[in-house]
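Listing of start-v9.cif; format and content: mmCIF, N, CA and C atoms.
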```
data_protein
loop_
_atom_site.label_atom_id
_atom_site.label_comp_id
_atom_site.auth_asym_id
_atom_site.auth_seq_id
_atom_site.Cartn_x
_atom_site.Cartn_y
_atom_site.Cartn_z
N VAL I 1 -21.26 0.93 -14.54
CA VAL I 1 -20.48 -0.27 -14.29
C VAL I 1 -19.20 -0.26 -15.14
N ASP I 2 -19.31 0.22 -16.38
CA ASP I 2 -18.10 0.34 -17.20
C ASP I 2 -17.10 1.29 -16.55
N LEU I 3 -17.61 2.35 -15.95
CA LEU I 3 -16.76 3.31 -15.25
C LEU I 3 -15.99 2.61 -14.13
N LEU I 4 -16.65 1.77 -13.37
CA LEU I 4 -16.00 1.04 -12.29
C LEU I 4 -14.98 0.04 -12.81
N THR I 5 -15.32 -0.66 -13.88
CA THR I 5 -14.40 -1.64 -14.46
C THR I 5 -13.15 -0.93 -15.00
N ARG I 6 -13.35 0.20 -15.67
CA ARG I 6 -12.20 0.97 -16.16
C ARG I 6 -11.35 1.46 -14.99
N ASP I 7 -12.02 1.86 -13.90
CA ASP I 7 -11.27 2.32 -12.74
C ASP I 7 -10.49 1.17 -12.11
N HIS I 8 -11.06 -0.03 -12.09
CA HIS I 8 -10.31 -1.20 -11.62
C HIS I 8 -9.01 -1.32 -12.41
N ARG I 9 -9.11 -1.23 -13.73
CA ARG I 9 -7.92 -1.39 -14.58
C ARG I 9 -6.90 -0.29 -14.30
N ARG I 10 -7.37 0.94 -14.16
CA ARG I 10 -6.46 2.06 -13.89
C ARG I 10 -5.74 1.86 -12.56
N LEU I 11 -6.50 1.48 -11.54
CA LEU I 11 -5.90 1.23 -10.23
C LEU I 11 -4.93 0.06 -10.27
N ASP I 12 -5.31 -1.00 -10.97
CA ASP I 12 -4.45 -2.18 -11.11
C ASP I 12 -3.12 -1.81 -11.77
N GLU I 13 -3.19 -0.99 -12.81
CA GLU I 13 -1.97 -0.59 -13.51
C GLU I 13 -1.06 0.22 -12.60
N THR I 14 -1.62 1.15 -11.85
CA THR I 14 -0.83 1.95 -10.94
C THR I 14 -0.18 1.07 -9.88
N PHE I 15 -0.96 0.17 -9.30
CA PHE I 15 -0.43 -0.68 -8.25
C PHE I 15 0.59 -1.67 -8.79
N ALA I 16 0.39 -2.15 -10.01
CA ALA I 16 1.35 -3.09 -10.62
C ALA I 16 2.71 -2.42 -10.82
N VAL I 17 2.71 -1.17 -11.24
CA VAL I 17 3.98 -0.46 -11.40
C VAL I 17 4.63 -0.25 -10.04
N ALA I 18 3.83 0.09 -9.03
CA ALA I 18 4.37 0.23 -7.67
C ALA I 18 4.98 -1.08 -7.20
N LEU I 19 4.28 -2.18 -7.44
CA LEU I 19 4.77 -3.50 -7.05
C LEU I 19 6.08 -3.82 -7.75
N ARG I 20 6.15 -3.53 -9.04
CA ARG I 20 7.40 -3.78 -9.78
C ARG I 20 8.55 -2.96 -9.20
N ARG I 21 8.25 -1.71 -8.84
CA ARG I 21 9.31 -0.86 -8.27
C ARG I 21 9.75 -1.37 -6.91
N VAL I 22 8.80 -1.80 -6.10
CA VAL I 22 9.16 -2.38 -4.80
C VAL I 22 10.04 -3.61 -5.03
N ASN I 23 9.63 -4.48 -5.92
CA ASN I 23 10.40 -5.70 -6.18
C ASN I 23 11.79 -5.42 -6.74
N ALA I 24 11.94 -4.26 -7.39
CA ALA I 24 13.24 -3.87 -7.92
C ALA I 24 14.07 -3.10 -6.88
N GLY I 25 13.50 -2.90 -5.69
CA GLY I 25 14.20 -2.17 -4.65
C GLY I 25 14.11 -0.67 -4.76
N ASP I 26 13.27 -0.17 -5.66
CA ASP I 26 13.09 1.28 -5.87
C ASP I 26 11.91 1.79 -5.05
N LEU I 27 12.11 1.89 -3.74
CA LEU I 27 11.01 2.31 -2.88
C LEU I 27 10.70 3.78 -3.04
N ALA I 28 11.71 4.58 -3.38
CA ALA I 28 11.45 6.00 -3.62
C ALA I 28 10.53 6.17 -4.83
N GLY I 29 10.71 5.35 -5.84
CA GLY I 29 9.84 5.39 -7.01
C GLY I 29 8.46 4.82 -6.75
N ALA I 30 8.38 3.85 -5.83
CA ALA I 30 7.10 3.23 -5.50
C ALA I 30 6.23 4.13 -4.62
N ARG I 31 6.85 4.92 -3.76
CA ARG I 31 6.13 5.73 -2.78
C ARG I 31 5.03 6.60 -3.42
N PRO I 32 5.30 7.42 -4.46
CA PRO I 32 4.22 8.24 -5.03
C PRO I 32 3.14 7.41 -5.72
N LEU I 33 3.52 6.25 -6.25
CA LEU I 33 2.53 5.38 -6.88
C LEU I 33 1.60 4.77 -5.84
N VAL I 34 2.16 4.38 -4.70
CA VAL I 34 1.33 3.86 -3.62
C VAL I 34 0.37 4.95 -3.14
N ALA I 35 0.87 6.17 -3.02
CA ALA I 35 0.01 7.28 -2.58
C ALA I 35 -1.11 7.54 -3.59
N ARG I 36 -0.79 7.51 -4.88
CA ARG I 36 -1.80 7.72 -5.92
C ARG I 36 -2.83 6.59 -5.90
N PHE I 37 -2.34 5.36 -5.77
CA PHE I 37 -3.24 4.22 -5.68
C PHE I 37 -4.15 4.34 -4.47
N ALA I 38 -3.59 4.71 -3.32
CA ALA I 38 -4.37 4.82 -2.09
C ALA I 38 -5.50 5.83 -2.25
N GLN I 39 -5.19 6.96 -2.83
CA GLN I 39 -6.23 7.98 -3.06
C GLN I 39 -7.31 7.43 -3.99
N GLY I 40 -6.89 6.76 -5.05
CA GLY I 40 -7.84 6.23 -6.02
C GLY I 40 -8.71 5.11 -5.46
N ILE I 41 -8.11 4.21 -4.68
CA ILE I 41 -8.90 3.08 -4.16
C ILE I 41 -9.88 3.58 -3.11
N ARG I 42 -9.50 4.59 -2.35
CA ARG I 42 -10.45 5.14 -1.37
C ARG I 42 -11.65 5.77 -2.08
N ARG I 43 -11.40 6.47 -3.16
CA ARG I 43 -12.51 7.05 -3.93
C ARG I 43 -13.39 5.95 -4.52
N HIS I 44 -12.75 4.92 -5.04
CA HIS I 44 -13.47 3.81 -5.65
C HIS I 44 -14.38 3.13 -4.63
N VAL I 45 -13.83 2.84 -3.47
CA VAL I 45 -14.60 2.20 -2.40
C VAL I 45 -15.75 3.10 -1.98
N GLU I 46 -15.51 4.39 -1.89
CA GLU I 46 -16.56 5.34 -1.52
C GLU I 46 -17.71 5.29 -2.52
N VAL I 47 -17.40 5.24 -3.80
CA VAL I 47 -18.45 5.19 -4.83
C VAL I 47 -19.27 3.91 -4.68
N GLU I 48 -18.59 2.79 -4.55
CA GLU I 48 -19.34 1.53 -4.45
C GLU I 48 -20.13 1.45 -3.14
N ASN I 49 -19.52 1.87 -2.04
CA ASN I 49 -20.18 1.76 -0.73
C ASN I 49 -21.28 2.79 -0.52
N GLU I 50 -21.03 4.04 -0.91
CA GLU I 50 -21.91 5.14 -0.53
C GLU I 50 -22.84 5.62 -1.64
N VAL I 51 -22.45 5.41 -2.89
CA VAL I 51 -23.28 5.88 -4.00
C VAL I 51 -24.12 4.73 -4.57
N LEU I 52 -23.50 3.60 -4.83
CA LEU I 52 -24.18 2.52 -5.55
C LEU I 52 -24.87 1.51 -4.63
N ALA I 53 -24.17 1.02 -3.63
CA ALA I 53 -24.75 -0.03 -2.77
C ALA I 53 -26.08 0.39 -2.12
N PRO I 54 -26.24 1.64 -1.71
CA PRO I 54 -27.51 2.00 -1.09
C PRO I 54 -28.72 1.97 -2.03
N VAL I 55 -28.49 2.09 -3.35
CA VAL I 55 -29.63 2.22 -4.27
C VAL I 55 -29.78 1.07 -5.26
N LEU I 56 -28.77 0.20 -5.34
CA LEU I 56 -28.82 -0.89 -6.31
C LEU I 56 -29.09 -2.21 -5.60
N PRO I 57 -29.52 -3.24 -6.34
CA PRO I 57 -29.87 -4.53 -5.73
C PRO I 57 -28.71 -5.18 -4.98
N HIS I 58 -29.08 -6.00 -4.02
CA HIS I 58 -28.12 -6.78 -3.23
C HIS I 58 -28.36 -8.26 -3.51
N PRO I 59 -27.87 -8.75 -4.66
CA PRO I 59 -28.11 -10.15 -5.01
C PRO I 59 -27.33 -11.10 -4.09
N ALA I 60 -27.84 -12.30 -3.99
CA ALA I 60 -27.17 -13.34 -3.20
C ALA I 60 -26.70 -14.45 -4.12
N GLY I 61 -25.63 -15.09 -3.71
CA GLY I 61 -25.12 -16.23 -4.45
C GLY I 61 -25.93 -17.47 -4.12
N ALA I 62 -25.59 -18.58 -4.72
CA ALA I 62 -26.29 -19.85 -4.49
C ALA I 62 -26.23 -20.27 -3.02
N ASP I 63 -25.19 -19.82 -2.33
CA ASP I 63 -25.05 -20.16 -0.91
C ASP I 63 -25.84 -19.23 0.00
N GLY I 64 -26.53 -18.26 -0.61
CA GLY I 64 -27.34 -17.32 0.16
C GLY I 64 -26.59 -16.11 0.68
N VAL I 65 -25.29 -16.07 0.48
CA VAL I 65 -24.49 -14.94 0.94
C VAL I 65 -24.61 -13.81 -0.07
N GLY I 66 -24.88 -12.62 0.44
CA GLY I 66 -25.07 -11.46 -0.43
C GLY I 66 -23.76 -10.96 -1.02
N HIS I 67 -23.77 -10.71 -2.33
CA HIS I 67 -22.57 -10.22 -3.01
C HIS I 67 -22.17 -8.83 -2.53
N VAL I 68 -23.13 -7.98 -2.21
CA VAL I 68 -22.80 -6.64 -1.72
C VAL I 68 -22.18 -6.75 -0.33
N GLU I 69 -22.71 -7.61 0.49
CA GLU I 69 -22.15 -7.77 1.83
C GLU I 69 -20.71 -8.27 1.76
N ILE I 70 -20.44 -9.19 0.83
CA ILE I 70 -19.06 -9.66 0.61
C ILE I 70 -18.20 -8.49 0.16
N MET I 71 -18.71 -7.70 -0.78
CA MET I 71 -17.97 -6.55 -1.30
C MET I 71 -17.61 -5.59 -0.17
N LEU I 72 -18.57 -5.29 0.69
CA LEU I 72 -18.33 -4.35 1.78
C LEU I 72 -17.26 -4.88 2.74
N ARG I 73 -17.34 -6.16 3.08
CA ARG I 73 -16.32 -6.77 3.96
C ARG I 73 -14.94 -6.73 3.30
N GLU I 74 -14.92 -7.05 2.02
CA GLU I 74 -13.63 -7.03 1.32
C GLU I 74 -13.07 -5.62 1.22
N HIS I 75 -13.93 -4.64 1.05
CA HIS I 75 -13.45 -3.25 1.03
C HIS I 75 -12.77 -2.91 2.34
N ASP I 76 -13.38 -3.31 3.46
CA ASP I 76 -12.76 -3.07 4.76
C ASP I 76 -11.39 -3.73 4.85
N GLU I 77 -11.29 -4.95 4.35
CA GLU I 77 -10.01 -5.67 4.38
C GLU I 77 -8.98 -5.00 3.48
N ILE I 78 -9.39 -4.57 2.31
CA ILE I 78 -8.47 -3.88 1.39
C ILE I 78 -7.95 -2.61 2.04
N LEU I 79 -8.83 -1.83 2.65
CA LEU I 79 -8.41 -0.59 3.30
C LEU I 79 -7.49 -0.87 4.49
N ARG I 80 -7.74 -1.96 5.21
CA ARG I 80 -6.86 -2.34 6.32
C ARG I 80 -5.47 -2.70 5.81
N GLN I 81 -5.43 -3.52 4.76
CA GLN I 81 -4.14 -3.90 4.18
C GLN I 81 -3.42 -2.69 3.60
N LEU I 82 -4.17 -1.81 2.97
CA LEU I 82 -3.58 -0.59 2.41
C LEU I 82 -2.96 0.26 3.52
N ALA I 83 -3.63 0.38 4.65
CA ALA I 83 -3.10 1.15 5.77
C ALA I 83 -1.76 0.57 6.24
N GLU I 84 -1.63 -0.75 6.22
CA GLU I 84 -0.37 -1.38 6.60
C GLU I 84 0.74 -1.02 5.62
N VAL I 85 0.42 -1.03 4.33
CA VAL I 85 1.40 -0.66 3.31
C VAL I 85 1.78 0.81 3.47
N GLU I 86 0.79 1.66 3.63
CA GLU I 86 1.07 3.09 3.79
C GLU I 86 1.93 3.35 5.02
N ALA I 87 1.68 2.63 6.10
CA ALA I 87 2.46 2.81 7.33
C ALA I 87 3.93 2.51 7.09
N LEU I 88 4.20 1.52 6.26
CA LEU I 88 5.60 1.19 5.96
C LEU I 88 6.29 2.33 5.23
N PHE I 89 5.56 3.04 4.39
CA PHE I 89 6.13 4.16 3.65
C PHE I 89 6.10 5.46 4.45
N ALA I 90 5.33 5.50 5.51
CA ALA I 90 5.15 6.75 6.26
C ALA I 90 6.26 7.01 7.26
N ASP I 91 6.98 5.98 7.64
CA ASP I 91 8.06 6.17 8.61
C ASP I 91 9.09 7.13 8.05
N GLY I 92 9.78 7.81 8.96
CA GLY I 92 10.79 8.78 8.55
C GLY I 92 11.90 8.16 7.73
N GLU I 93 12.30 6.95 8.07
CA GLU I 93 13.34 6.26 7.32
C GLU I 93 12.70 5.45 6.19
N ALA I 94 13.41 5.38 5.09
CA ALA I 94 12.92 4.56 3.98
C ALA I 94 13.02 3.09 4.38
N PRO I 95 11.94 2.33 4.20
CA PRO I 95 11.99 0.91 4.55
C PRO I 95 12.85 0.15 3.54
N GLU I 96 13.22 -1.02 3.91
CA GLU I 96 13.90 -1.93 2.99
C GLU I 96 12.85 -2.61 2.13
N ALA I 97 13.23 -2.97 0.91
CA ALA I 97 12.27 -3.61 0.00
C ALA I 97 11.70 -4.89 0.60
N TRP I 98 12.53 -5.67 1.28
CA TRP I 98 12.07 -6.94 1.84
C TRP I 98 11.02 -6.73 2.92
N GLU I 99 10.99 -5.53 3.53
CA GLU I 99 9.98 -5.24 4.54
C GLU I 99 8.62 -4.94 3.90
N VAL I 100 8.64 -4.42 2.70
CA VAL I 100 7.43 -3.96 2.02
C VAL I 100 6.85 -5.03 1.10
N GLU I 101 7.71 -5.78 0.44
CA GLU I 101 7.28 -6.73 -0.59
C GLU I 101 6.14 -7.64 -0.17
N PRO I 102 6.19 -8.29 0.99
CA PRO I 102 5.10 -9.21 1.34
C PRO I 102 3.75 -8.50 1.48
N PHE I 103 3.75 -7.31 2.06
CA PHE I 103 2.50 -6.59 2.27
C PHE I 103 1.89 -6.13 0.95
N VAL I 104 2.74 -5.68 0.03
CA VAL I 104 2.26 -5.25 -1.28
C VAL I 104 1.75 -6.45 -2.07
N ALA I 105 2.43 -7.57 -1.96
CA ALA I 105 2.01 -8.78 -2.67
C ALA I 105 0.66 -9.29 -2.14
N ILE I 106 0.49 -9.27 -0.83
CA ILE I 106 -0.78 -9.72 -0.24
C ILE I 106 -1.91 -8.81 -0.70
N LEU I 107 -1.69 -7.50 -0.66
CA LEU I 107 -2.72 -6.56 -1.11
C LEU I 107 -3.03 -6.78 -2.59
N SER I 108 -2.03 -7.04 -3.39
CA SER I 108 -2.25 -7.29 -4.82
C SER I 108 -3.16 -8.50 -5.02
N GLY I 109 -2.90 -9.56 -4.29
CA GLY I 109 -3.74 -10.76 -4.40
C GLY I 109 -5.16 -10.53 -3.92
N THR I 110 -5.29 -9.80 -2.83
CA THR I 110 -6.62 -9.48 -2.30
C THR I 110 -7.42 -8.68 -3.32
N LEU I 111 -6.77 -7.70 -3.94
CA LEU I 111 -7.44 -6.87 -4.94
C LEU I 111 -7.88 -7.70 -6.14
N ALA I 112 -7.02 -8.57 -6.62
CA ALA I 112 -7.35 -9.39 -7.79
C ALA I 112 -8.57 -10.26 -7.52
N LYS I 113 -8.58 -10.91 -6.37
CA LYS I 113 -9.71 -11.77 -6.01
C LYS I 113 -10.99 -10.94 -5.87
N HIS I 114 -10.88 -9.80 -5.22
CA HIS I 114 -12.03 -8.93 -5.00
C HIS I 114 -12.62 -8.43 -6.33
N GLU I 115 -11.76 -7.94 -7.18
CA GLU I 115 -12.23 -7.40 -8.46
C GLU I 115 -12.89 -8.48 -9.31
N TYR I 116 -12.31 -9.67 -9.31
CA TYR I 116 -12.91 -10.76 -10.07
C TYR I 116 -14.32 -11.04 -9.57
N ARG I 117 -14.46 -11.14 -8.25
CA ARG I 117 -15.79 -11.43 -7.69
C ARG I 117 -16.79 -10.33 -8.03
N GLU I 118 -16.37 -9.09 -7.87
CA GLU I 118 -17.28 -7.98 -8.19
C GLU I 118 -17.72 -8.03 -9.66
N GLU I 119 -16.74 -8.14 -10.53
CA GLU I 119 -17.03 -8.07 -11.96
C GLU I 119 -17.83 -9.27 -12.45
N ALA I 120 -17.64 -10.42 -11.84
CA ALA I 120 -18.35 -11.62 -12.27
C ALA I 120 -19.73 -11.77 -11.63
N ASN I 121 -19.84 -11.40 -10.37
CA ASN I 121 -21.07 -11.68 -9.62
C ASN I 121 -21.98 -10.48 -9.40
N LEU I 122 -21.39 -9.35 -9.16
CA LEU I 122 -22.19 -8.18 -8.78
C LEU I 122 -22.44 -7.22 -9.94
N PHE I 123 -21.41 -6.92 -10.70
CA PHE I 123 -21.55 -5.91 -11.74
C PHE I 123 -22.62 -6.24 -12.79
N PRO I 124 -22.78 -7.49 -13.22
CA PRO I 124 -23.85 -7.76 -14.19
C PRO I 124 -25.25 -7.43 -13.64
N VAL I 125 -25.47 -7.72 -12.37
CA VAL I 125 -26.76 -7.41 -11.75
C VAL I 125 -26.93 -5.90 -11.65
N TRP I 126 -25.89 -5.22 -11.24
CA TRP I 126 -25.96 -3.76 -11.13
C TRP I 126 -26.15 -3.11 -12.50
N GLU I 127 -25.47 -3.63 -13.50
CA GLU I 127 -25.60 -3.07 -14.84
C GLU I 127 -27.05 -3.17 -15.33
N ALA I 128 -27.68 -4.30 -15.11
CA ALA I 128 -29.07 -4.48 -15.51
C ALA I 128 -29.99 -3.55 -14.72
N ALA I 129 -29.72 -3.39 -13.44
CA ALA I 129 -30.54 -2.51 -12.61
C ALA I 129 -30.39 -1.05 -13.04
N ILE I 130 -29.18 -0.65 -13.36
CA ILE I 130 -28.95 0.73 -13.82
C ILE I 130 -29.66 0.96 -15.14
N ALA I 131 -29.63 -0.02 -16.03
CA ALA I 131 -30.30 0.11 -17.33
C ALA I 131 -31.82 0.29 -17.18
N ARG I 132 -32.38 -0.25 -16.10
CA ARG I 132 -33.83 -0.13 -15.87
C ARG I 132 -34.23 1.18 -15.20
N LEU I 133 -33.25 1.93 -14.70
CA LEU I 133 -33.58 3.20 -14.03
C LEU I 133 -34.11 4.21 -15.04
N PRO I 134 -34.98 5.10 -14.60
CA PRO I 134 -35.37 6.21 -15.48
C PRO I 134 -34.11 6.98 -15.89
N GLU I 135 -34.14 7.51 -17.09
CA GLU I 135 -32.94 8.15 -17.64
C GLU I 135 -32.35 9.21 -16.71
N GLY I 136 -33.17 10.03 -16.14
CA GLY I 136 -32.67 11.08 -15.24
C GLY I 136 -31.95 10.51 -14.03
N ASP I 137 -32.50 9.46 -13.46
CA ASP I 137 -31.86 8.82 -12.30
C ASP I 137 -30.54 8.16 -12.71
N ARG I 138 -30.55 7.53 -13.88
CA ARG I 138 -29.34 6.87 -14.37
C ARG I 138 -28.24 7.89 -14.62
N VAL I 139 -28.58 8.98 -15.25
CA VAL I 139 -27.59 10.03 -15.55
C VAL I 139 -27.05 10.62 -14.25
N ALA I 140 -27.93 10.87 -13.28
CA ALA I 140 -27.51 11.44 -12.00
C ALA I 140 -26.59 10.48 -11.24
N LEU I 141 -26.92 9.20 -11.27
CA LEU I 141 -26.10 8.20 -10.58
C LEU I 141 -24.72 8.11 -11.23
N GLU I 142 -24.69 8.06 -12.55
CA GLU I 142 -23.42 7.99 -13.26
C GLU I 142 -22.58 9.24 -13.03
N ALA I 143 -23.23 10.41 -13.02
CA ALA I 143 -22.51 11.66 -12.80
C ALA I 143 -21.92 11.71 -11.39
N SER I 144 -22.71 11.26 -10.42
CA SER I 144 -22.22 11.24 -9.04
C SER I 144 -21.02 10.32 -8.90
N ALA I 145 -21.10 9.14 -9.50
CA ALA I 145 -19.99 8.19 -9.44
C ALA I 145 -18.76 8.75 -10.12
N ALA I 146 -18.91 9.31 -11.30
CA ALA I 146 -17.77 9.87 -12.04
C ALA I 146 -17.15 11.03 -11.29
N GLU I 147 -17.96 11.88 -10.70
CA GLU I 147 -17.46 13.03 -9.96
C GLU I 147 -16.64 12.58 -8.74
N ARG I 148 -17.13 11.60 -8.01
CA ARG I 148 -16.41 11.13 -6.83
C ARG I 148 -15.12 10.40 -7.21
N LEU I 149 -15.16 9.64 -8.30
CA LEU I 149 -13.94 8.96 -8.73
C LEU I 149 -12.86 9.97 -9.14
N ALA I 150 -13.30 11.06 -9.75
CA ALA I 150 -12.35 12.09 -10.20
C ALA I 150 -11.83 12.92 -9.03
N GLY I 151 -12.55 12.92 -7.93
CA GLY I 151 -12.12 13.69 -6.76
C GLY I 151 -12.65 15.08 -6.81
#
```

Would it be possible to restate this file's structure as structure tokens?
Amino acid sequence: VDLLTRDHRRLDETFAVALRRVNAGDLAGARPLVARFAQGIRRHVEVENEVLAPVLPHPAGADGVGHVEIMLREHDEILRQLAEVEALFADGEAPEAWEVEPFVAILSGTLAKHEYREEANLFPVWEAAIARLPEGDRVALEASAAERLAG
């Protein structure tokens, strides 16, 4: 779970610099940061969706809605929004900053809300579940997550 939280911070920092460059009109400088962020967020989502969610608990909130199910839906939304941002940078011509700014800002807000929910509602449950795993299983799970995050 610490690995995921640290990865959230790393991704946030990369995306924040990209956002600042977009807001400053430096789309050429933002382009490689968006690409790096996209690669990192896809790896992060893969770890949570494919490595951890299948083997860790699926707690529900007071309203009965499962935190993992919310996480999975939000991951789909984040990837959809990311695809929109990437499409703006993929065109042959460089987009204008005003064309990109709203999409990057929306994605930034979606990420912040998502990460807060994960870290507050899901990660404590997962951390406790991981701590209860036999040492070999815990080490294997952590190694798999770290390997996928690293690419």

>> For stretch 95-106 of chain I, find every residue with an atom within 6 Å (counting all atoms listed in the file), except residues of its own chain fewer than 2 positions away, and show them as a list in words.
In response: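 Within the cut-off, the hits are Val22, Gly25, Val85, Leu88, Glu93, Ser108, Gly109, Thr110 and Leu111 of chain I.
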
> List as a ChimeraX atom specification: which residues have an atom within 12 Å of (-12.0, -6.5, 5.3), counting only C-alpha atoms?
Replying inline: /I:45,69-83,107,110-111,114

>> Report, in Å to a single decimal, how far apart atom CA of I:Ala87 and atom C of I:Val17 are.
In response: 17.8 Å

> Using all atoms listed in the file, which residues sit within 8 Å of I:Ala150 once same-chain residues fewer than 5 positions away are excluded, as a list of chain:residue names?
Replying inline: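 These residues fall inside the cut-off: I:Arg43, I:His44, I:Ser144, I:Ala145.
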
For the selection you just gave me, I'd like the residues written to a file as a short mmCIF file (atom, residue, chain, number, x, y, z; two decimals), keeping the file's coordinate frame, keeping N, CA and C atoms.
```
data_model
loop_
_atom_site.label_atom_id
_atom_site.label_comp_id
_atom_site.auth_asym_id
_atom_site.auth_seq_id
_atom_site.Cartn_x
_atom_site.Cartn_y
_atom_site.Cartn_z
N ARG I 43 -11.40 6.47 -3.16
CA ARG I 43 -12.51 7.05 -3.93
C ARG I 43 -13.39 5.95 -4.52
N HIS I 44 -12.75 4.92 -5.04
CA HIS I 44 -13.47 3.81 -5.65
C HIS I 44 -14.38 3.13 -4.63
N SER I 144 -22.71 11.26 -10.42
CA SER I 144 -22.22 11.24 -9.04
C SER I 144 -21.02 10.32 -8.90
N ALA I 145 -21.10 9.14 -9.50
CA ALA I 145 -19.99 8.19 -9.44
C ALA I 145 -18.76 8.75 -10.12
#
```

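Residues captured in this structure file are Glu46, Val47, Glu48, Asn49, Glu50, Val51, Leu52, Pro57, His58, Pro59, Val68, Val125, Trp126, Ala129 and Ile130 of chain I, according to the PyMOL selection byres ((chain I and resi 53-56) around 8).
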
>> According to DSSP computed on the backbone, where in stretch 3-126 of chain I is there helix (DSSP H, G or I)? Give the residues as a ChimeraX atom specification.
In response: /I:3-23,27-52,67-90,97-126

> So what do you get for atom CA of I:Pro32 versus atom CA of I:Ala18, distance-wise?
Replying inline: 8.4 Å

>> I'd like the interatomic distance between atom C of I:Thr14 and atom C of I:Ile41, to a tenth of an Å.
In response: 12.1 Å
